[in-house]
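Single-structure report; data block below.
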Amino acid sequence: MALLLRTVARQGLCLSRSQFGVLYRHAVPMGTTAKEEMNKFWAKNTQLNRPVSPHVSIYKWSIPMMMSISHRGTGVALSSGISAFALAALVLPESYPYYLDLIHSMTFGPQFLAFSKFALAFPVAYHTFNGIRHLAWDLGKGFKIPEVYRSGYIVIALTVLTSIGLAAM
Amino acid sequence: MAALVRLSSVCHRGVSPLLFRSSSLIRPLAVQKKDRDCPYLITAKIHATPSNYAGSGSKAASLHWTGERILSVVLLGLAPVAYYYPVPAVDYTLAAALTLHGHWGLGQVLTDYVHGDFKIKMANAGLFLLSTVTFAGLCYFNYHDVGICKAVALLWSK
């Protein structure tokens with residue numbers, strides 16, 4: 001098959017040898033957008049009931065991969081938390097200080113409070129620092145693999161330190 | 001959008017040249033005698049915007065992207081402001097910025113994982129509802145209760 005192609009192409013090359021340059025005239029423009037193409041692709045897959053090749057279940061996890069999904073995970077979690085808080089504000093009859101005192105009367109000691117603060121601060125800190133890392137990427141900086149890992153480790157370190165610091169406050 | 005694929009860029013060099021190819025729509029395929037590793041060329045359909053399409057393209061997606069980044073920077077800057085100036089203006093700004101940032105963020109998650117015209121529409125409608133209720137709740141909290149900045153301060157005081 002390759003041999004056939006090679007033979008045919010070589011003949012074609014010989015013919016166009018004088019035309020050293022651009023082969024634009026062989027290009028056929030298409031009128032669909034990327035979005036339309038994507039939708040067609042997904043519709044065809046669903047319709048044909050195509051199985052999906054294993055990907056996350058077999059590919060070796062790397063730090064950048066884990067940090068990326070964690071950024072999404074913390075984002076979704078924080079957003080859900082804010083929405084839950086807003087919903088509670090609309091639904092619950094009493095005021096915020098009332099419920100805060102209620103929670104404090106139920107706490108199991110200072111360690112619990114410190115841990116809760118850490119648990120709240122951690123996703124905020126992580127999402128914030130990794131967010132800055134994302135903004136750097138949006139500016140085109142830091143795409144080399146060693147840089148990706150280095151910035152990743154810095155984000156993790158800053159997150160842990162900030163969370164501990166905030167929990168201690 | 002596919003670019004013209006030069007087969008030699010695929011042969012014998014692995015995948016990385018493909019990944020680092022520039023995304024120009026049309027790549028000139030210069031035929032060179034010394035290109036021995038893949039002597040045949042192949043042309044592919046390209047996606048070029050025909051002249052009658054010119055001007056009808058929308059910049060909406062691009063502007064949305066930029067808006068997302070600007071909002072992220074604004075939110076970043078709001079954090080220290082909220083700490084040092086816990087006033088109602090900051091409370092409401094924070095409510096708006098947080099809700100919008102979350103709305104756009106969750107929107108991207110839906111775009112990634114939800115497929116099919118109807119499902120996408122339903123998911124986005126649900127998200128819109130959630131974000132509206134979230135903003136309403138936060139504003140209610142700011143007006144009738146202690147406000148976001150004070151709430152965080154109280155939470156941390158114990």
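Letters for chains follow the order of the structure tokens (A, B, ...), residue numbers begin at 1 for each chain, and ligand numbers begin at 1 in the order shown.
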Margin query: Give me the residues near segment 95-108 of chain B as an MDAnalysis selection string, where near means some atom within 9 Å (using only C-alpha atoms) and where sequence neighbours in that chain fewer than 3 positions away do not count.
Written below: (chainID A and resid 72 75:76 78:80 82:83) or (chainID B and resid 68 71:72 74:75 78 90:92 111:113 123:124 127:128 130:132 134:135 138:139 142 148)
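The shortest atom-to-atom distance to Arg150 of chain A, with only C-alpha atoms taken into account, belongs to A:Ile63 out of A:Ile103, A:Ile63, A:Ala89, A:Val124.
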Residues near segment 34-46 of chain A, anyone? I mean within 9 Å using only C-alpha atoms, not counting same-chain ones fewer than 5 positions away, as a PDB file with all heavy atoms, in the first residue's frame.
```
ATOM      1  N   PRO A  51     -17.529   1.921  22.152  1.00  0.00           N
ATOM      2  CA  PRO A  51     -16.902   1.848  23.478  1.00  0.00           C
ATOM      3  C   PRO A  51     -15.774   2.871  23.575  1.00  0.00           C
ATOM      4  O   PRO A  51     -15.180   3.241  22.583  1.00  0.00           O
ATOM      5  CB  PRO A  51     -16.347   0.422  23.512  1.00  0.00           C
ATOM      6  CG  PRO A  51     -16.104   0.077  22.083  1.00  0.00           C
ATOM      7  CD  PRO A  51     -17.148   0.783  21.290  1.00  0.00           C
TER       8      PRO A  51
ATOM      9  N   MET B   1      -9.558  22.795  13.940  1.00  0.00           N
ATOM     10  CA  MET B   1      -9.393  23.074  12.500  1.00  0.00           C
ATOM     11  C   MET B   1      -8.150  22.370  11.986  1.00  0.00           C
ATOM     12  O   MET B   1      -7.068  22.601  12.457  1.00  0.00           O
ATOM     13  CB  MET B   1      -9.229  24.577  12.282  1.00  0.00           C
ATOM     14  CG  MET B   1     -10.314  25.398  12.907  1.00  0.00           C
ATOM     15  SD  MET B   1     -11.643  25.640  11.816  1.00  0.00           S
ATOM     16  CE  MET B   1     -12.000  27.326  11.973  1.00  0.00           C
ATOM     17  N   HIS B 115     -22.727  16.180  26.774  1.00  0.00           N
ATOM     18  CA  HIS B 115     -22.819  16.185  25.313  1.00  0.00           C
ATOM     19  C   HIS B 115     -24.238  15.924  24.859  1.00  0.00           C
ATOM     20  O   HIS B 115     -25.006  15.277  25.541  1.00  0.00           O
ATOM     21  CB  HIS B 115     -21.889  15.124  24.724  1.00  0.00           C
ATOM     22  CG  HIS B 115     -20.476  15.301  25.174  1.00  0.00           C
ATOM     23  ND1 HIS B 115     -19.667  16.316  24.716  1.00  0.00           N
ATOM     24  CD2 HIS B 115     -19.730  14.622  26.069  1.00  0.00           C
ATOM     25  CE1 HIS B 115     -18.489  16.234  25.316  1.00  0.00           C
ATOM     26  NE2 HIS B 115     -18.497  15.221  26.136  1.00  0.00           N
ATOM     27  N   GLY B 116     -24.573  16.432  23.718  1.00  0.00           N
ATOM     28  CA  GLY B 116     -25.919  16.266  23.196  1.00  0.00           C
ATOM     29  C   GLY B 116     -26.690  17.554  23.379  1.00  0.00           C
ATOM     30  O   GLY B 116     -26.759  18.108  24.461  1.00  0.00           O
ATOM     31  N   ASP B 117     -27.321  18.032  22.313  1.00  0.00           N
ATOM     32  CA  ASP B 117     -27.949  19.354  22.315  1.00  0.00           C
ATOM     33  C   ASP B 117     -28.880  19.571  23.499  1.00  0.00           C
ATOM     34  O   ASP B 117     -28.807  20.583  24.196  1.00  0.00           O
ATOM     35  CB  ASP B 117     -28.730  19.561  21.007  1.00  0.00           C
ATOM     36  CG  ASP B 117     -27.813  19.969  19.874  1.00  0.00           C
ATOM     37  OD1 ASP B 117     -26.820  20.659  20.158  1.00  0.00           O
ATOM     38  OD2 ASP B 117     -28.088  19.610  18.723  1.00  0.00           O
TER      39      ASP B 117
END
```
